[in-house]
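S.K.: Dropping in target_11.txt, with compact mmCIF, C-alpha atoms.
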```
# COMPACT_ATOMS: atom_id res chain seq x y z
CA MET B 1 -106.65 71.51 103.02
CA ILE B 2 -109.54 70.62 105.29
CA ALA B 3 -108.07 67.16 105.83
CA ARG B 4 -104.81 68.65 107.12
CA ILE B 5 -106.34 70.85 109.81
CA PRO B 6 -106.98 68.09 112.38
CA ARG B 7 -103.40 66.82 112.01
CA LEU B 8 -102.07 70.36 112.46
CA LEU B 9 -104.18 70.86 115.57
CA THR B 10 -103.04 67.51 116.95
CA LEU B 11 -99.40 68.40 116.32
CA THR B 12 -99.85 71.80 117.95
CA ALA B 13 -101.47 70.23 121.01
CA ALA B 14 -98.66 67.68 121.30
CA VAL B 15 -95.99 70.39 121.09
CA GLY B 16 -97.85 72.44 123.71
CA ALA B 17 -97.99 69.46 126.08
CA ALA B 18 -94.28 68.82 125.56
CA LEU B 19 -93.51 72.44 126.40
CA LEU B 20 -95.57 72.22 129.58
CA ILE B 21 -93.68 69.10 130.65
CA ALA B 22 -90.34 70.72 129.87
CA GLN B 23 -91.25 73.78 131.91
CA THR B 24 -92.42 71.81 134.97
CA PRO B 25 -90.15 72.90 137.84
CA ALA B 26 -88.09 70.25 139.61
CA SER B 27 -89.90 70.98 142.88
CA ALA B 28 -93.19 69.83 141.29
CA GLN B 29 -91.77 66.47 140.18
CA GLU B 30 -91.80 63.33 142.29
CA ALA B 31 -88.65 62.25 144.11
CA SER B 32 -86.89 59.18 142.70
CA PRO B 33 -83.38 57.67 142.83
CA GLU B 34 -82.39 59.12 139.46
CA LYS B 35 -83.91 62.52 140.30
CA SER B 36 -83.10 62.99 144.01
CA LEU B 37 -79.71 61.34 144.53
CA ILE B 38 -76.31 62.72 143.58
CA ARG B 39 -73.04 60.84 143.30
CA VAL B 40 -70.36 62.13 145.66
CA ASN B 41 -66.72 61.49 144.79
CA ALA B 42 -64.14 62.22 147.48
CA THR B 43 -60.35 62.02 147.60
CA LEU B 44 -59.11 61.20 151.10
CA GLN B 45 -55.68 61.53 152.69
CA SER B 46 -55.42 60.23 156.23
CA TYR B 47 -52.91 61.62 158.71
CA ASN B 48 -49.75 59.76 159.72
CA PHE B 49 -49.70 59.79 163.52
CA VAL B 50 -46.14 58.42 163.65
CA ARG B 51 -44.88 61.16 161.29
CA PRO B 52 -47.42 63.98 161.73
CA TRP B 53 -45.75 66.06 159.00
CA GLU B 54 -46.70 63.39 156.46
CA LYS B 55 -49.99 62.15 155.03
CA GLY B 56 -50.98 58.79 153.61
CA ALA B 57 -51.48 58.10 149.92
CA PRO B 58 -54.62 59.61 148.38
CA THR B 59 -57.53 57.17 148.20
CA PRO B 60 -60.86 57.59 146.36
CA ARG B 61 -64.26 57.04 147.95
CA ARG B 62 -67.70 57.14 146.29
CA GLY B 63 -71.15 57.36 147.77
CA LEU B 64 -74.64 58.66 147.14
CA GLY B 65 -75.89 61.85 148.71
CA ALA B 66 -79.48 62.93 149.26
CA LEU B 67 -80.36 66.24 147.63
CA LEU B 68 -82.07 68.69 150.01
CA GLU B 69 -83.58 72.14 149.56
CA GLY B 70 -81.16 74.94 148.67
CA LYS B 71 -78.86 72.70 146.58
CA ARG B 72 -77.46 71.05 149.70
CA VAL B 73 -76.37 67.41 149.63
CA LEU B 74 -76.53 65.23 152.75
CA VAL B 75 -73.99 62.43 153.24
CA THR B 76 -72.44 60.58 156.14
CA ALA B 77 -69.38 62.32 157.58
CA GLU B 78 -67.48 59.05 157.21
CA LEU B 79 -67.66 59.49 153.43
CA ILE B 80 -65.68 62.74 153.47
CA VAL B 81 -63.43 62.29 156.53
CA ASN B 82 -59.89 63.62 155.85
CA SER B 83 -61.00 64.70 152.38
CA THR B 84 -58.77 66.88 150.21
CA TYR B 85 -61.20 67.12 147.29
CA ILE B 86 -64.94 66.53 146.88
CA GLU B 87 -67.08 66.69 143.76
CA LEU B 88 -70.76 66.19 142.99
CA GLU B 89 -71.71 64.13 139.93
CA HIS B 90 -75.10 64.15 138.21
CA PRO B 91 -76.53 60.59 138.38
CA SER B 92 -77.63 60.53 134.72
CA THR B 93 -75.51 62.94 132.68
CA GLY B 94 -72.26 62.50 134.60
CA ALA B 95 -71.73 66.27 134.80
CA LYS B 96 -69.50 67.21 137.74
CA THR B 97 -68.84 70.22 139.94
CA PRO B 98 -66.42 70.71 142.88
CA ALA B 99 -68.09 70.78 146.30
CA GLU B 100 -67.34 72.23 149.72
CA ILE B 101 -68.33 71.14 153.22
CA VAL B 102 -71.03 73.37 154.68
CA ALA B 103 -71.14 71.53 158.01
CA ARG B 104 -70.04 68.20 159.45
CA ASP B 105 -70.39 66.34 162.73
CA TYR B 106 -68.36 63.17 163.17
CA GLU B 107 -70.27 62.26 166.33
CA ALA B 108 -73.57 62.20 164.46
CA ASN B 109 -71.83 60.96 161.27
CA LEU B 110 -73.46 63.63 159.13
CA ALA B 111 -72.13 66.16 156.65
CA LEU B 112 -73.75 68.76 154.42
CA LEU B 113 -72.17 69.62 151.06
CA ALA B 114 -72.82 72.32 148.45
CA PRO B 115 -71.31 73.27 145.07
CA ILE B 116 -68.38 75.68 145.43
CA ASP B 117 -69.70 77.64 142.46
CA PRO B 118 -73.14 79.03 143.40
CA LYS B 119 -73.96 79.26 139.67
CA ALA B 120 -73.30 75.57 139.02
CA THR B 121 -76.21 73.95 137.17
CA VAL B 122 -75.47 70.27 137.89
CA LEU B 123 -78.26 70.06 140.49
CA ASP B 124 -80.81 72.25 138.70
CA ASP B 125 -83.02 69.49 137.26
CA LEU B 126 -82.97 67.30 140.37
CA VAL B 127 -85.76 67.01 142.95
CA PRO B 128 -84.92 67.74 146.62
CA LEU B 129 -86.04 65.29 149.29
CA LYS B 130 -88.02 66.13 152.40
CA LEU B 131 -87.66 64.31 155.72
CA ASN B 132 -89.97 61.57 156.97
CA LEU B 133 -89.86 61.51 160.79
CA GLY B 134 -92.57 58.90 161.32
CA THR B 135 -90.68 55.61 161.01
CA LYS B 136 -91.64 52.90 163.52
CA ALA B 137 -91.10 49.17 163.97
CA LYS B 138 -92.61 47.01 161.18
CA ASP B 139 -92.62 49.91 158.70
CA LYS B 140 -91.47 49.26 155.13
CA LEU B 141 -88.55 51.35 153.86
CA GLN B 142 -86.63 51.49 150.59
CA VAL B 143 -82.87 51.72 150.12
CA TRP B 144 -82.15 53.75 146.99
CA GLN B 145 -79.14 53.12 144.76
CA ILE B 146 -78.03 54.02 141.24
CA GLU B 147 -76.30 51.79 138.70
CA ASP B 148 -73.24 53.06 136.81
CA ASN B 149 -75.46 53.68 133.77
CA GLY B 150 -77.82 55.88 135.80
CA ASP B 151 -80.62 53.32 136.26
CA ALA B 152 -82.42 53.34 139.60
CA VAL B 153 -82.23 50.41 142.02
CA THR B 154 -84.60 50.17 144.99
CA THR B 155 -84.51 47.52 147.71
CA ASP B 156 -87.33 46.98 150.20
CA VAL B 157 -86.40 46.51 153.86
CA GLU B 158 -88.49 46.18 157.03
CA VAL B 159 -87.86 47.93 160.34
CA LEU B 160 -87.28 45.34 163.07
CA ARG B 161 -86.83 47.77 165.93
CA VAL B 162 -85.81 51.29 166.86
CA ALA B 163 -82.90 51.55 169.28
CA VAL B 164 -79.94 53.64 170.39
CA ASN B 165 -76.64 52.45 168.97
CA ARG B 166 -73.12 53.51 168.00
CA TYR B 167 -72.60 55.63 164.88
CA PHE B 168 -69.11 56.44 163.57
CA LEU B 169 -66.99 57.31 166.62
CA ASP B 170 -66.52 55.00 169.59
CA GLY B 171 -68.52 56.05 172.63
CA THR B 172 -71.12 58.07 170.70
CA VAL B 173 -74.63 56.65 170.45
CA PHE B 174 -77.72 57.98 168.71
CA LEU B 175 -81.08 56.77 167.40
CA VAL B 176 -80.97 54.01 164.76
CA TYR B 177 -83.47 51.93 162.83
CA GLN B 178 -82.51 48.26 162.65
CA VAL B 179 -83.87 46.83 159.39
CA VAL B 180 -83.81 43.46 157.61
CA GLY B 181 -83.46 42.94 153.86
CA SER B 182 -80.85 41.84 151.33
CA LEU B 183 -78.75 44.62 149.80
CA GLN B 184 -76.53 44.34 146.74
CA ALA B 185 -73.25 46.24 146.62
CA ARG B 186 -72.97 48.87 143.90
CA ALA B 187 -70.07 51.04 142.73
CA ASN B 188 -71.21 53.97 144.86
CA SER B 189 -72.70 52.16 147.86
CA PHE B 190 -70.57 53.67 150.65
CA THR B 191 -73.41 56.01 151.62
CA LEU B 192 -77.00 55.11 150.75
CA PRO B 193 -80.16 57.13 151.43
CA VAL B 194 -83.15 55.28 152.91
CA ILE B 195 -86.64 56.35 151.90
CA LYS B 196 -90.19 56.09 153.26
CA ASP B 197 -93.14 57.25 151.15
CA GLY B 198 -90.86 59.25 148.84
CA LYS B 199 -89.17 61.11 151.70
CA LEU B 200 -85.79 60.71 153.39
CA ALA B 201 -86.08 58.41 156.43
CA GLY B 202 -82.37 57.98 157.11
CA MET B 203 -78.90 57.09 155.84
CA LEU B 204 -77.39 53.61 155.77
CA LEU B 205 -74.74 53.17 158.49
CA SER B 206 -73.83 49.49 158.22
CA TYR B 207 -74.90 46.22 156.60
CA ASN B 208 -74.40 42.64 157.84
CA SER B 209 -74.54 40.41 154.75
CA LYS B 210 -74.67 37.20 156.81
CA GLU B 211 -77.75 38.22 158.81
CA GLN B 212 -79.03 40.64 156.13
CA THR B 213 -79.58 43.34 158.74
CA SER B 214 -78.68 47.02 158.52
CA HIS B 215 -78.47 50.00 160.84
CA ILE B 216 -80.03 53.22 159.57
CA LEU B 217 -79.11 56.69 160.83
CA ALA B 218 -82.55 57.98 161.85
CA ALA B 219 -84.30 61.02 160.35
CA PRO B 220 -84.91 62.75 163.75
CA ILE B 221 -81.12 63.01 164.17
CA ILE B 222 -80.81 64.38 160.63
CA GLU B 223 -83.51 66.96 161.43
CA ALA B 224 -81.68 68.09 164.58
CA PHE B 225 -78.43 68.42 162.59
CA LEU B 226 -80.07 70.46 159.82
CA ASN B 227 -81.91 72.72 162.28
CA ASP B 228 -78.62 73.45 164.05
CA VAL B 229 -76.88 74.23 160.74
CA SER B 230 -79.68 76.54 159.56
CA ASP B 231 -78.81 79.41 161.93
CA GLY B 232 -75.27 79.66 160.56
CA GLU B 233 -73.55 78.61 163.80
CA TYR B 234 -73.26 74.88 164.39
CA THR B 235 -73.06 73.99 168.10
CA GLY B 236 -73.39 70.21 167.94
CA PHE B 237 -75.41 67.73 169.95
CA PRO B 238 -75.79 68.13 173.72
CA ASN B 239 -73.94 65.89 176.14
CA LEU B 240 -74.76 65.23 179.79
CA GLY B 241 -71.16 64.23 180.49
CA ILE B 242 -71.57 61.12 182.63
CA ALA B 243 -70.75 57.42 182.52
CA ILE B 244 -73.30 55.08 184.04
CA GLU B 245 -73.59 51.49 185.21
CA GLN B 246 -76.67 49.31 185.03
CA THR B 247 -78.03 48.28 188.44
CA LEU B 248 -79.05 44.70 187.67
CA ASP B 249 -76.59 43.35 190.25
CA GLU B 250 -78.12 43.07 193.73
CA GLN B 251 -74.82 43.84 195.46
CA LEU B 252 -74.49 47.09 193.51
CA ARG B 253 -78.06 48.03 194.43
CA ARG B 254 -77.28 47.42 198.11
CA PHE B 255 -74.08 49.47 197.80
CA ALA B 256 -76.00 52.32 196.16
CA GLY B 257 -78.76 52.16 198.76
CA ILE B 258 -81.59 51.46 196.31
CA GLU B 259 -82.66 47.97 197.37
CA GLY B 260 -86.28 49.02 197.84
CA VAL B 261 -86.37 51.32 194.81
CA GLU B 262 -87.49 50.33 191.34
CA GLY B 263 -85.10 50.96 188.45
CA GLY B 264 -82.33 53.54 188.34
CA VAL B 265 -78.77 53.65 186.96
CA PHE B 266 -75.54 54.20 188.91
CA VAL B 267 -73.36 57.21 188.03
CA ARG B 268 -69.78 55.92 187.99
CA GLN B 269 -68.11 58.95 186.43
CA VAL B 270 -68.88 62.65 185.95
CA GLY B 271 -66.88 64.62 183.39
CA HIS B 272 -65.01 67.68 184.65
CA GLY B 273 -66.83 70.84 183.61
CA SER B 274 -69.73 68.86 182.15
CA SER B 275 -73.40 69.76 182.28
CA ALA B 276 -73.93 67.10 184.94
CA GLU B 277 -71.13 68.39 187.18
CA LYS B 278 -72.42 71.96 186.97
CA ALA B 279 -75.86 70.70 187.99
CA GLY B 280 -74.41 68.98 191.07
CA LEU B 281 -74.42 65.33 189.98
CA LYS B 282 -71.67 63.28 191.60
CA GLU B 283 -70.11 59.85 191.24
CA GLY B 284 -72.17 57.35 193.21
CA ASP B 285 -75.49 59.09 192.53
CA VAL B 286 -78.39 57.07 191.14
CA ILE B 287 -80.54 58.49 188.33
CA LEU B 288 -84.17 57.39 188.64
CA ALA B 289 -85.85 59.76 186.16
CA VAL B 290 -85.05 62.26 183.39
CA ASN B 291 -87.64 64.91 182.57
CA GLY B 292 -90.24 62.84 184.38
CA ASN B 293 -89.44 59.64 182.45
CA ALA B 294 -88.72 56.72 184.77
CA ILE B 295 -85.35 55.04 184.08
CA ASP B 296 -85.18 51.28 184.59
CA SER B 297 -82.18 49.36 185.90
CA ARG B 298 -80.87 48.87 182.33
CA GLY B 299 -80.94 52.61 181.63
CA ASN B 300 -84.04 52.53 179.42
CA TYR B 301 -87.23 54.56 179.40
CA VAL B 302 -90.47 54.01 177.46
CA HIS B 303 -90.73 56.16 174.33
CA PRO B 304 -94.32 56.70 173.13
CA ASP B 305 -93.49 55.66 169.54
CA TYR B 306 -90.40 53.46 169.76
CA GLY B 307 -90.90 51.55 173.01
CA LYS B 308 -87.90 51.03 175.28
CA LEU B 309 -84.93 53.28 174.47
CA ASN B 310 -81.74 54.15 176.29
CA PHE B 311 -82.30 57.38 178.23
CA SER B 312 -79.40 59.03 176.38
CA HIS B 313 -81.91 59.74 173.60
CA LEU B 314 -83.71 62.16 175.94
CA VAL B 315 -80.51 64.23 175.91
CA ARG B 316 -78.92 63.63 172.51
CA GLY B 317 -82.07 63.16 170.46
CA GLY B 318 -84.72 65.07 172.34
CA ALA B 319 -82.95 68.27 173.36
CA LYS B 320 -80.50 70.82 172.02
CA VAL B 321 -77.55 72.74 173.42
CA GLY B 322 -78.75 75.34 175.93
CA ASP B 323 -81.89 73.43 176.92
CA THR B 324 -82.46 72.49 180.54
CA ILE B 325 -83.48 68.99 181.58
CA LYS B 326 -84.43 67.63 184.97
CA VAL B 327 -82.34 64.70 186.19
CA ASP B 328 -84.20 63.61 189.31
CA ASP B 329 -84.12 66.87 191.30
CA ALA B 330 -81.10 68.39 189.52
CA ILE B 331 -81.58 70.89 186.68
CA CYS B 332 -78.94 70.46 183.95
CA THR B 333 -78.23 73.09 181.30
CA LEU B 334 -77.03 71.04 178.35
CA GLU B 335 -73.72 71.81 176.70
CA SER B 336 -71.94 70.33 173.71
CA ASP B 337 -68.85 68.15 173.73
CA LYS B 338 -67.05 69.96 170.91
CA ALA B 339 -63.99 67.72 170.96
CA THR B 340 -65.33 65.73 168.03
CA MET B 341 -67.10 68.50 166.11
```
Kindly return the structure encoded in the file as structure tokens.
M.R.:
Amino acid sequence: MIARIPRLLTLTAAVGAALLIAQTPASAQEASPEKSLIRVNATLQSYNFVRPWEKGAPTPRRGLGALLEGKRVLVTAELIVNSTYIELEHPSTGAKTPAEIVARDYEANLALLAPIDPKATVLDDLVPLKLNLGTKAKDKLQVWQIEDNGDAVTTDVEVLRVAVNRYFLDGTVFLVYQVVGSLQARANSFTLPVIKDGKLAGMLLSYNSKEQTSHILAAPIIEAFLNDVSDGEYTGFPNLGIAIEQTLDEQLRRFAGIEGVEGGVFVRQVGHGSSAEKAGLKEGDVILAVNGNAIDSRGNYVHPDYGKLNFSHLVRGGAKVGDTIKVDDAICTLESDKATM
């Protein structure tokens, strides 16, 4: 009997430890591909612009979403464009639940999803991701993927530069991380989360297999999107409402009267009813500074963390609708271009 007591105590201790592990809340666990990503399956039907009363044939699309606090799933808007049905699938068990769109912005190429049934348990054991806003050039990032069998796949990439580039819609530009590293296509690789130090640094926008370079939708844009959604009324990203021309050409600089002035961009068009028009900006004006940041002849300013960036980031990435910014001596109250919201 005495010989059995140690074994009984050992067994009891092991069971107790197992119970503690089982009761550990998801929020206390570390984020990982198999614990923080969710498969998103969408059925799309595009519109027929020749016969607007008809739609195209249904087509499936699969991607990976990043789980956030509150059982919200972040994906690119391109994944769910023209969707007629969306479902969330657990990466390991394969359990599924129908989903709805909480918010979407095709300009910023972001969408937020949630289970239609608030009592759905598919996401209960998963670990939400937090944002990492500190990515800079030469940083190491990881692209997270999941195999069909639920195994995690991580690929290391390096940030070459931070720039302003096109997202989903033509004519819309936002902050991107340009990274280098070889990526392998998986069954659900349409949307891929990008991670830094266990936190969400961005979402994959595009991949060039020949040059092995990718564009990453940057976390500061995701943060602005989520902050806007959080108040229950999504207003979108601000827009100055102008078209500009670089002033590298000496003849253009003479025409604009800025031969002896350093930098500046030429305003060639001002949108009717735009923030810029209401502030008094006109075609033919030259913008030399925005909020005290000098604008060079290519339209760039010097960001303290990223280096040279197009000045549009001061509006679209550094302000929100309703803010005022100073464009030279004009004060602009920023509004949203809701045509693409």
S.K.: Name the residues, using the chain letters and numbers of the file, that sit within 10 Å of (-75.0, 55.6, 134.0) when counting only C-alpha atoms, and give them as a ChimeraX atom specification.
M.R.: /B:34,90-94,146-152
S.K.: Calculated over all atoms listed in the file, which of the candidates B:Gly263, B:Pro118, B:Gly70, B:Gly198 has the smallest distance to Leu131 (chain B)?
M.R.: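 Smallest separation from Leu131 (chain B) among the options: B:Gly198.
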S.K.: Tell me, as a list in words, which residues lie within 8 Å of region 96-99 of chain B, counting all atoms listed in the file; anything in the same chain fewer than 4 positions away does not count.
M.R.: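 Listing them by chain and then by number gives Tyr85, Ile86, Glu87, Leu88, Glu89, His90, Leu113, Ala114, Pro115, Ile116, Asp117, Ala120 and Val122 of chain B.
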S.K.: What lies within 12 Å of Ser209 (chain B) using only C-alpha atoms, ignoring chain neighbours under 5 positions off, as JSON, numbers by chain?
M.R.: {"B": [180, 181, 182, 183, 184, 185, 214]}
S.K.: Any idea what the distance is between CA of Asp305 (chain B) and CA of Asp197 (chain B)?
M.R.: 18.5 Å
S.K.: I'd like to know which of B:Ala66, B:Ala108, B:Leu74, B:Leu281 is closest to Ala224 (chain B), using all atoms listed in the file.
M.R.: B:Ala108
S.K.: Could you give me, as an MDAnalysis selection string, the residues within 7 Å of Val176 (chain B), counting only C-alpha atoms and dropping anything in the same chain fewer than 3 positions from it?
M.R.: chainID B and resid 162:165 215:218
S.K.: Limited to C-alpha atoms, could you put the picked residues into a file as a PDB file, in the frame of the given file?
M.R.:
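Just written: out_33.pdb:
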```
ATOM      1  CA  VAL B 162     -85.810  51.290 166.860  1.00  0.00           C
ATOM      2  CA  ALA B 163     -82.900  51.550 169.280  1.00  0.00           C
ATOM      3  CA  VAL B 164     -79.940  53.640 170.390  1.00  0.00           C
ATOM      4  CA  ASN B 165     -76.640  52.450 168.970  1.00  0.00           C
ATOM      5  CA  HIS B 215     -78.470  50.000 160.840  1.00  0.00           C
ATOM      6  CA  ILE B 216     -80.030  53.220 159.570  1.00  0.00           C
ATOM      7  CA  LEU B 217     -79.110  56.690 160.830  1.00  0.00           C
ATOM      8  CA  ALA B 218     -82.550  57.980 161.850  1.00  0.00           C
TER       9      ALA B 218
END
```
S.K.: One decimal, in Å: what's the spacing between CA of Asn310 (chain B) and CA of Glu250 (chain B)?
M.R.: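 About the pair CA of Asn310 (chain B) and CA of Glu250 (chain B): they are 21.0 Å apart.
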S.K.: One decimal, in Å: what's the spacing between CA of Arg161 (chain B) and CA of Val143 (chain B)?
M.R.: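 Value for the CA of Arg161 (chain B)-CA of Val143 (chain B) distance: 16.8 Å.
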S.K.: List every protein, DNA or RNA residue with an atom no more than 7 Å from (-58.6, 61.3, 146.8) in the file's coordinates, counting all atoms listed in the file, and format the result as a ChimeraX atom specification.
M.R.: /B:42-45,58-60,83-85
S.K.: My list of candidates is B:Pro220, B:Glu100, B:Thr213, B:Lys119. Which is closest to Thr135 (chain B) when distances are computed with all atoms listed in the file?
M.R.: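 Closest to Thr135 (chain B) of all the choices is B:Pro220.
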S.K.: Which residue out of B:Phe237, B:Val261, B:Asp328, B:Phe255 has the minimum interatomic distance to Ser312 (chain B) when only C-alpha atoms are used?
M.R.: B:Phe237
S.K.: Can you tell me, as a ChimeraX atom specification, what residues are no more than 9 Å from Ala137 (chain B) when counting all atoms listed in the file, ignoring any on the same chain fewer than 3 positions away?
M.R.: /B:140,158-162,177-179,305-306
S.K.: Which is closer to Leu123 (chain B) than all the others in B:Asn300, B:Ser274, B:Ser36, B:Thr235, using all atoms listed in the file?
M.R.: B:Ser36
S.K.: Find the residue from B:Asn82, B:Asp156, B:Glu233, B:Lys210 that sits nearest to Val102 (chain B); use only C-alpha atoms when measuring.
M.R.: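 Going through B:Asn82, B:Asp156, B:Glu233, B:Lys210 one by one, the smallest distance to Val102 (chain B) is for B:Glu233.
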S.K.: Could you give me the centre and size, in Å to one decimal, of an axis-aligned box around all listed atoms of region 112-117 of chain B with 5 Å added on every side, as lines of an AutoDock Vina configuration file?
M.R.:
```
center_x = -71.1
center_y = 73.2
center_z = 148.4
size_x = 15.4
size_y = 18.9
size_z = 22.0
```
S.K.: Considering all atoms listed in the file, give me a table of residues in region 304-337 of chain B that are at most 12 Å from region 167-173 of chain B, with the closest atom pair and distance in Å for each, as a tab-separated table.
M.R.:
```
residue	atom	partner	partner_atom	distance
B:Leu309	CA	B:Val173	CA	11.6
B:Asn310	CA	B:Val173	CA	9.5
B:Phe311	CA	B:Val173	CA	10.9
B:Ser312	CA	B:Val173	CA	8.0
B:His313	CA	B:Val173	CA	8.5
B:Leu314	CA	B:Val173	CA	12.0
B:Val315	CA	B:Val173	CA	11.0
B:Arg316	CA	B:Val173	CA	8.4
B:Gly317	CA	B:Val173	CA	9.9
B:Asp337	CA	B:Thr172	CA	10.8
```
S.K.: Do you know which residues are at most 10 Å from Ala289 (chain B) counting all atoms listed in the file, after dropping those on the same chain fewer than 2 positions away, and could you put them as a VMD selection string?
M.R.: chain B and resid 263 to 265 286 to 287 291 to 296 299 301 311 326 to 329
